[in-house]
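Notes follow once the structure below has been shown.
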Amino acid sequence: MTYQEKKSIVTLISAILIFVSYCLYMYPQFPEWGLESTETFRFWGSFVLILTLVTIIAHIIISIIFNIIFRITTKEKEPSFADELDKLIELKANRNSFFVFIVGFLLAMGSLIIYQPSQVMFMILITSGFISDVTGSVTKLYHYRKGV
Amino acid sequence: MGKNLVGNHIRKLRFNHDEMTQQQLADKAGVTRQTIVALEKGNYSPSLELAFRIAHAFNLPLEEVFFYGDNTKL
């Protein structure tokens with residue numbers, strides 16, 4: 001298995017672990033009072049911002065650890081650049097990822113049309129963000145293994 | 001994906017060039033080893049520029065490294 005395949009798997013697993021553990025951490029803090037109160041919107045705002053920050057920092061740390069372990073175990077140096085195949089796969093992954101997120105965004109807007117509470121809209125948005133991230137990683141893994 | 005019509009003799013040529021490793025060829029062609037792996041497996045059709053760079057790495061004309069369709073003879 002090459003560096004890119006291993007990295008795609010690590011990114012996929014870390015994305016799932018970060019999201020699930022963050023949700024489990026935030027779940028008890030969910031405000032129980034008024035569904036449309038300012039505090040509820042503040043909760044969702046901080047949920048998204050902190051999740052973004054945590055995800056970026058965790059991905060950087062995991063990437064550094066992965067590179068160190070890769071160098072030690074394989075005695076190979078990780079590629080320092082992205083060639084044409086990497087860029088092509090990245091484009092395909094981004095396309096699929098954006099498509100999933102846009103579908104989620106439209107579903108979230110649709111939930112408001114059918115008078116669902118704003119929590120449902122936020123949940124759909126956040127979930128679609130997570131699924132789009134997973135879709136991007138799965139697309140990369142698929143194309144690195146099966147070709148373009 | 002199974003629909004690549006551009007084939008190549010890279011594996012055989014590497015063997016004939018003092019058993020050149022995939023990494024050595026990748027360094028000469030300016031790509032990652034993953035790309036050489038994908039090319040050898042027939043999972044990727046390279047750009048024209050990369051095809052020329054690989055042919056140059058073997059000091060061979062393009063048509064002796066790559067072929068179109070089902071041409072397996074070298």
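Chain lettering (A, B, ...) mirrors the order of the structure tokens, residue numbering begins at 1 for each chain separately, and ligand numbering begins at 1 in order of display.
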
Could you pull out the residues in region 60-126 of chain A that DSSP calls helix (DSSP H, G or I) from the backbone, as a short mmCIF file (atom, residue, chain, number, x, y, z; two decimals) with N, CA, C and O atoms, in the first residue's frame?
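Final output, saved to states_39.cif:
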data_model
loop_
_atom_site.label_atom_id
_atom_site.label_comp_id
_atom_site.auth_asym_id
_atom_site.auth_seq_id
_atom_site.Cartn_x
_atom_site.Cartn_y
_atom_site.Cartn_z
N ILE A 60 -3.90 18.30 11.55
CA ILE A 60 -2.47 18.66 11.45
C ILE A 60 -1.64 17.73 12.35
O ILE A 60 -0.64 17.17 11.91
N ILE A 61 -2.11 17.55 13.59
CA ILE A 61 -1.36 16.70 14.54
C ILE A 61 -1.31 15.26 14.03
O ILE A 61 -0.24 14.64 14.00
N ILE A 62 -2.47 14.75 13.58
CA ILE A 62 -2.52 13.35 13.09
C ILE A 62 -1.62 13.20 11.86
O ILE A 62 -0.92 12.19 11.70
N SER A 63 -1.62 14.21 10.98
CA SER A 63 -0.79 14.15 9.78
C SER A 63 0.70 14.09 10.14
O SER A 63 1.45 13.31 9.55
N ILE A 64 1.11 14.89 11.14
CA ILE A 64 2.52 14.88 11.56
C ILE A 64 2.88 13.51 12.15
O ILE A 64 3.90 12.92 11.79
N ILE A 65 2.00 13.01 13.02
CA ILE A 65 2.26 11.70 13.65
C ILE A 65 2.32 10.60 12.58
O ILE A 65 3.20 9.74 12.59
N PHE A 66 1.38 10.67 11.62
CA PHE A 66 1.34 9.67 10.55
C PHE A 66 2.64 9.69 9.74
O PHE A 66 3.21 8.64 9.45
N ASN A 67 3.11 10.91 9.40
CA ASN A 67 4.35 11.01 8.62
C ASN A 67 5.55 10.44 9.38
O ASN A 67 6.40 9.77 8.79
N ILE A 68 5.58 10.70 10.69
CA ILE A 68 6.69 10.17 11.50
C ILE A 68 6.64 8.64 11.51
O ILE A 68 7.64 7.97 11.26
N ILE A 69 5.44 8.09 11.77
CA ILE A 69 5.29 6.62 11.80
C ILE A 69 5.60 6.02 10.43
O ILE A 69 6.27 4.99 10.32
N PHE A 70 5.15 6.70 9.37
CA PHE A 70 5.41 6.21 8.00
C PHE A 70 6.90 6.13 7.73
O PHE A 70 7.40 5.15 7.19
N ARG A 71 7.64 7.19 8.11
CA ARG A 71 9.09 7.21 7.89
C ARG A 71 9.79 6.11 8.68
O ARG A 71 10.69 5.45 8.18
N ILE A 72 9.35 5.92 9.93
CA ILE A 72 10.01 4.91 10.79
C ILE A 72 9.73 3.50 10.26
O ILE A 72 10.65 2.69 10.14
N THR A 73 8.47 3.23 9.91
CA THR A 73 8.10 1.85 9.53
C THR A 73 8.55 1.48 8.12
O THR A 73 8.92 0.33 7.88
N THR A 74 8.51 2.42 7.19
CA THR A 74 8.85 2.06 5.80
C THR A 74 10.24 2.52 5.37
O THR A 74 10.70 2.15 4.30
N GLU A 84 0.46 15.12 -11.14
CA GLU A 84 -0.79 15.26 -11.90
C GLU A 84 -1.87 14.28 -11.45
O GLU A 84 -3.05 14.62 -11.45
N LEU A 85 -1.46 13.06 -11.05
CA LEU A 85 -2.45 12.09 -10.58
C LEU A 85 -3.07 12.55 -9.26
O LEU A 85 -4.29 12.47 -9.07
N ASP A 86 -2.22 13.04 -8.37
CA ASP A 86 -2.72 13.55 -7.08
C ASP A 86 -3.72 14.69 -7.29
O ASP A 86 -4.76 14.75 -6.63
N LYS A 87 -3.36 15.60 -8.21
CA LYS A 87 -4.24 16.76 -8.46
C LYS A 87 -5.57 16.32 -9.07
O LYS A 87 -6.62 16.86 -8.72
N LEU A 88 -5.51 15.35 -9.98
CA LEU A 88 -6.73 14.86 -10.62
C LEU A 88 -7.65 14.19 -9.58
O LEU A 88 -8.87 14.44 -9.56
N ILE A 89 -7.05 13.38 -8.72
CA ILE A 89 -7.83 12.70 -7.68
C ILE A 89 -8.40 13.72 -6.68
O ILE A 89 -9.55 13.62 -6.25
N GLU A 90 -7.59 14.72 -6.36
CA GLU A 90 -8.04 15.79 -5.44
C GLU A 90 -9.25 16.51 -6.03
O GLU A 90 -10.23 16.78 -5.32
N LEU A 91 -9.20 16.78 -7.34
CA LEU A 91 -10.32 17.46 -8.01
C LEU A 91 -11.59 16.61 -7.94
O LEU A 91 -12.68 17.12 -7.65
N LYS A 92 -11.45 15.31 -8.22
CA LYS A 92 -12.61 14.42 -8.18
C LYS A 92 -13.18 14.32 -6.76
O LYS A 92 -14.39 14.30 -6.56
N ALA A 93 -12.27 14.25 -5.78
CA ALA A 93 -12.70 14.17 -4.37
C ALA A 93 -13.46 15.44 -3.98
O ALA A 93 -14.51 15.37 -3.34
N ASN A 94 -12.91 16.60 -4.40
CA ASN A 94 -13.57 17.87 -4.08
C ASN A 94 -14.93 17.97 -4.76
O ASN A 94 -15.90 18.44 -4.15
N ARG A 95 -15.01 17.52 -6.00
CA ARG A 95 -16.29 17.56 -6.73
C ARG A 95 -17.36 16.76 -5.98
O ARG A 95 -18.46 17.25 -5.72
N ASN A 96 -17.02 15.51 -5.60
CA ASN A 96 -17.99 14.66 -4.89
C ASN A 96 -18.33 15.24 -3.53
O ASN A 96 -19.48 15.22 -3.10
N SER A 97 -17.30 15.76 -2.87
CA SER A 97 -17.49 16.32 -1.54
C SER A 97 -18.43 17.54 -1.59
O SER A 97 -19.38 17.63 -0.80
N PHE A 98 -18.21 18.44 -2.53
CA PHE A 98 -19.05 19.63 -2.67
C PHE A 98 -20.47 19.24 -3.05
O PHE A 98 -21.44 19.84 -2.56
N PHE A 99 -20.61 18.24 -3.90
CA PHE A 99 -21.94 17.79 -4.32
C PHE A 99 -22.75 17.32 -3.10
O PHE A 99 -23.90 17.72 -2.93
N VAL A 100 -22.11 16.51 -2.26
CA VAL A 100 -22.80 16.01 -1.05
C VAL A 100 -23.17 17.17 -0.13
O VAL A 100 -24.28 17.22 0.40
N PHE A 101 -22.26 18.13 0.01
CA PHE A 101 -22.55 19.24 0.91
C PHE A 101 -23.69 20.10 0.38
O PHE A 101 -24.56 20.53 1.15
N ILE A 102 -23.71 20.32 -0.93
CA ILE A 102 -24.79 21.13 -1.52
C ILE A 102 -26.14 20.44 -1.34
O ILE A 102 -27.15 21.08 -1.02
N VAL A 103 -26.16 19.10 -1.52
CA VAL A 103 -27.40 18.36 -1.30
C VAL A 103 -27.86 18.55 0.15
O VAL A 103 -29.03 18.81 0.43
N GLY A 104 -26.91 18.44 1.08
CA GLY A 104 -27.21 18.64 2.50
C GLY A 104 -27.71 20.04 2.78
O GLY A 104 -28.66 20.23 3.55
N PHE A 105 -27.07 21.03 2.13
CA PHE A 105 -27.47 22.43 2.32
C PHE A 105 -28.90 22.64 1.85
O PHE A 105 -29.71 23.27 2.54
N LEU A 106 -29.23 22.05 0.68
CA LEU A 106 -30.59 22.19 0.14
C LEU A 106 -31.61 21.49 1.05
O LEU A 106 -32.70 22.00 1.27
N LEU A 107 -31.22 20.33 1.58
CA LEU A 107 -32.10 19.61 2.51
C LEU A 107 -32.33 20.46 3.76
O LEU A 107 -33.44 20.53 4.29
N ALA A 108 -31.26 21.10 4.23
CA ALA A 108 -31.37 21.94 5.43
C ALA A 108 -32.34 23.10 5.17
O ALA A 108 -33.17 23.42 6.04
N MET A 109 -32.23 23.72 4.00
CA MET A 109 -33.15 24.82 3.66
C MET A 109 -34.58 24.28 3.52
O MET A 109 -35.54 24.91 3.94
N GLY A 110 -34.68 23.08 2.95
CA GLY A 110 -35.99 22.44 2.79
C GLY A 110 -36.66 22.18 4.12
O GLY A 110 -37.88 22.30 4.26
N SER A 111 -35.84 21.84 5.13
CA SER A 111 -36.41 21.57 6.46
C SER A 111 -37.06 22.82 7.04
O SER A 111 -38.02 22.73 7.80
N LEU A 112 -36.52 23.99 6.69
CA LEU A 112 -37.13 25.24 7.18
C LEU A 112 -38.47 25.50 6.49
O LEU A 112 -39.41 26.02 7.10
N ILE A 113 -38.53 25.11 5.20
CA ILE A 113 -39.78 25.32 4.44
C ILE A 113 -40.93 24.50 5.03
O ILE A 113 -42.06 24.95 5.08
N SER A 118 -35.27 25.11 13.97
CA SER A 118 -33.95 25.49 13.41
C SER A 118 -32.87 24.47 13.78
O SER A 118 -31.88 24.33 13.08
N GLN A 119 -33.08 23.74 14.91
CA GLN A 119 -32.11 22.70 15.29
C GLN A 119 -31.94 21.67 14.19
O GLN A 119 -30.83 21.21 13.92
N VAL A 120 -33.07 21.32 13.56
CA VAL A 120 -33.03 20.30 12.49
C VAL A 120 -32.16 20.82 11.35
O VAL A 120 -31.33 20.08 10.79
N MET A 121 -32.33 22.10 11.03
CA MET A 121 -31.55 22.70 9.95
C MET A 121 -30.06 22.63 10.29
O MET A 121 -29.25 22.24 9.46
N PHE A 122 -29.70 23.00 11.53
CA PHE A 122 -28.29 22.97 11.92
C PHE A 122 -27.75 21.54 11.90
O PHE A 122 -26.62 21.30 11.46
N MET A 123 -28.56 20.59 12.38
CA MET A 123 -28.11 19.20 12.42
C MET A 123 -27.85 18.68 11.01
O MET A 123 -26.85 18.00 10.76
N ILE A 124 -28.78 19.00 10.08
CA ILE A 124 -28.60 18.55 8.69
C ILE A 124 -27.34 19.19 8.09
O ILE A 124 -26.55 18.52 7.43
N LEU A 125 -27.15 20.49 8.35
CA LEU A 125 -25.97 21.18 7.82
C LEU A 125 -24.67 20.56 8.34
O LEU A 125 -23.75 20.28 7.57
N ILE A 126 -24.61 20.34 9.65
CA ILE A 126 -23.39 19.78 10.25
C ILE A 126 -23.16 18.35 9.77
O ILE A 126 -22.04 17.97 9.42
#

Taking 3 positions as the minimum chain separation for residues in the same chain, which residues sit within 12 Å of Thr2 (chain A) when counting only C-alpha atoms? Answer as a compact mmCIF listing (two decimals) with C-alpha atoms, in the first residue's frame.
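Output (result21.txt):
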# COMPACT_ATOMS: atom_id res chain seq x y z
CA GLU A 5 -3.57 5.13 0.15
CA LYS A 6 -2.46 4.92 3.77
CA LYS A 7 -2.95 8.66 4.22
CA SER A 8 -6.49 8.49 2.79
CA ILE A 9 -7.37 5.73 5.26
CA PHE A 70 5.41 6.21 8.00
CA THR A 74 8.85 2.06 5.80
CA GLU A 76 10.73 5.97 2.96
CA LYS A 77 10.30 9.72 2.79
CA GLU A 78 6.76 10.95 2.17
CA PRO A 79 6.19 12.71 -1.21
CA LEU A 141 -9.06 6.12 -1.44
CA TYR A 144 -5.87 5.66 -5.52
CA ARG A 145 -6.75 1.97 -5.35
CA GLN B 22 9.64 2.50 -9.19
CA GLN B 23 10.99 5.27 -6.97
CA THR B 32 5.37 10.18 -7.06
CA ARG B 33 5.85 6.42 -6.83
CA GLN B 34 2.05 6.09 -6.56
CA THR B 35 1.71 7.38 -10.13
CA ILE B 36 4.20 4.81 -11.46
CA VAL B 37 2.29 2.08 -9.59
CA ALA B 38 -1.00 3.27 -11.15

Starting from chain B, keep only residues with some atom at most 9 Å from an atom of chain A, counting only C-alpha atoms, and report them as number ranges by chain.
B: 1-2, 4, 30-35, 37-39, 41-47, 50

Selected residues written out with C-alpha atoms, as a PDB file, in the first residue's frame:
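And here is the file that came out, result16.pdb:
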ATOM      1  CA  MET B   1     -11.805   1.608 -13.636  1.00  0.00           C
ATOM      2  CA  GLY B   2     -10.953  -0.774 -16.512  1.00  0.00           C
ATOM      3  CA  ASN B   4      -7.878   2.783 -20.070  1.00  0.00           C
ATOM      4  CA  GLY B  30       9.135  14.028 -11.607  1.00  0.00           C
ATOM      5  CA  VAL B  31       6.132  12.198 -10.186  1.00  0.00           C
ATOM      6  CA  THR B  32       5.365  10.182  -7.056  1.00  0.00           C
ATOM      7  CA  ARG B  33       5.845   6.420  -6.832  1.00  0.00           C
ATOM      8  CA  GLN B  34       2.047   6.094  -6.565  1.00  0.00           C
ATOM      9  CA  THR B  35       1.711   7.380 -10.132  1.00  0.00           C
ATOM     10  CA  VAL B  37       2.288   2.082  -9.587  1.00  0.00           C
ATOM     11  CA  ALA B  38      -0.999   3.265 -11.152  1.00  0.00           C
ATOM     12  CA  LEU B  39       0.580   3.388 -14.625  1.00  0.00           C
ATOM     13  CA  LYS B  41      -1.333  -1.488 -13.174  1.00  0.00           C
ATOM     14  CA  GLY B  42      -3.025   0.200 -16.139  1.00  0.00           C
ATOM     15  CA  ASN B  43      -5.139   2.284 -13.771  1.00  0.00           C
ATOM     16  CA  TYR B  44      -4.108   5.644 -15.173  1.00  0.00           C
ATOM     17  CA  SER B  45      -3.496   7.182 -18.595  1.00  0.00           C
ATOM     18  CA  PRO B  46      -0.731   9.773 -18.230  1.00  0.00           C
ATOM     19  CA  SER B  47      -0.757  13.241 -19.714  1.00  0.00           C
ATOM     20  CA  LEU B  50       4.345  12.826 -18.428  1.00  0.00           C
TER      21      LEU B  50
END

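The space between CA of Lys75 (chain A) and CA of Ala51 (chain B) spans 28.8 Å.
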
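Picture a line from CA of Leu12 (chain A) to CA of Tyr27 (chain A); it runs 22.5 Å.
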
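Distance-wise, CA of Ala58 (chain A) and CA of Tyr25 (chain A) end up 15.3 Å apart.
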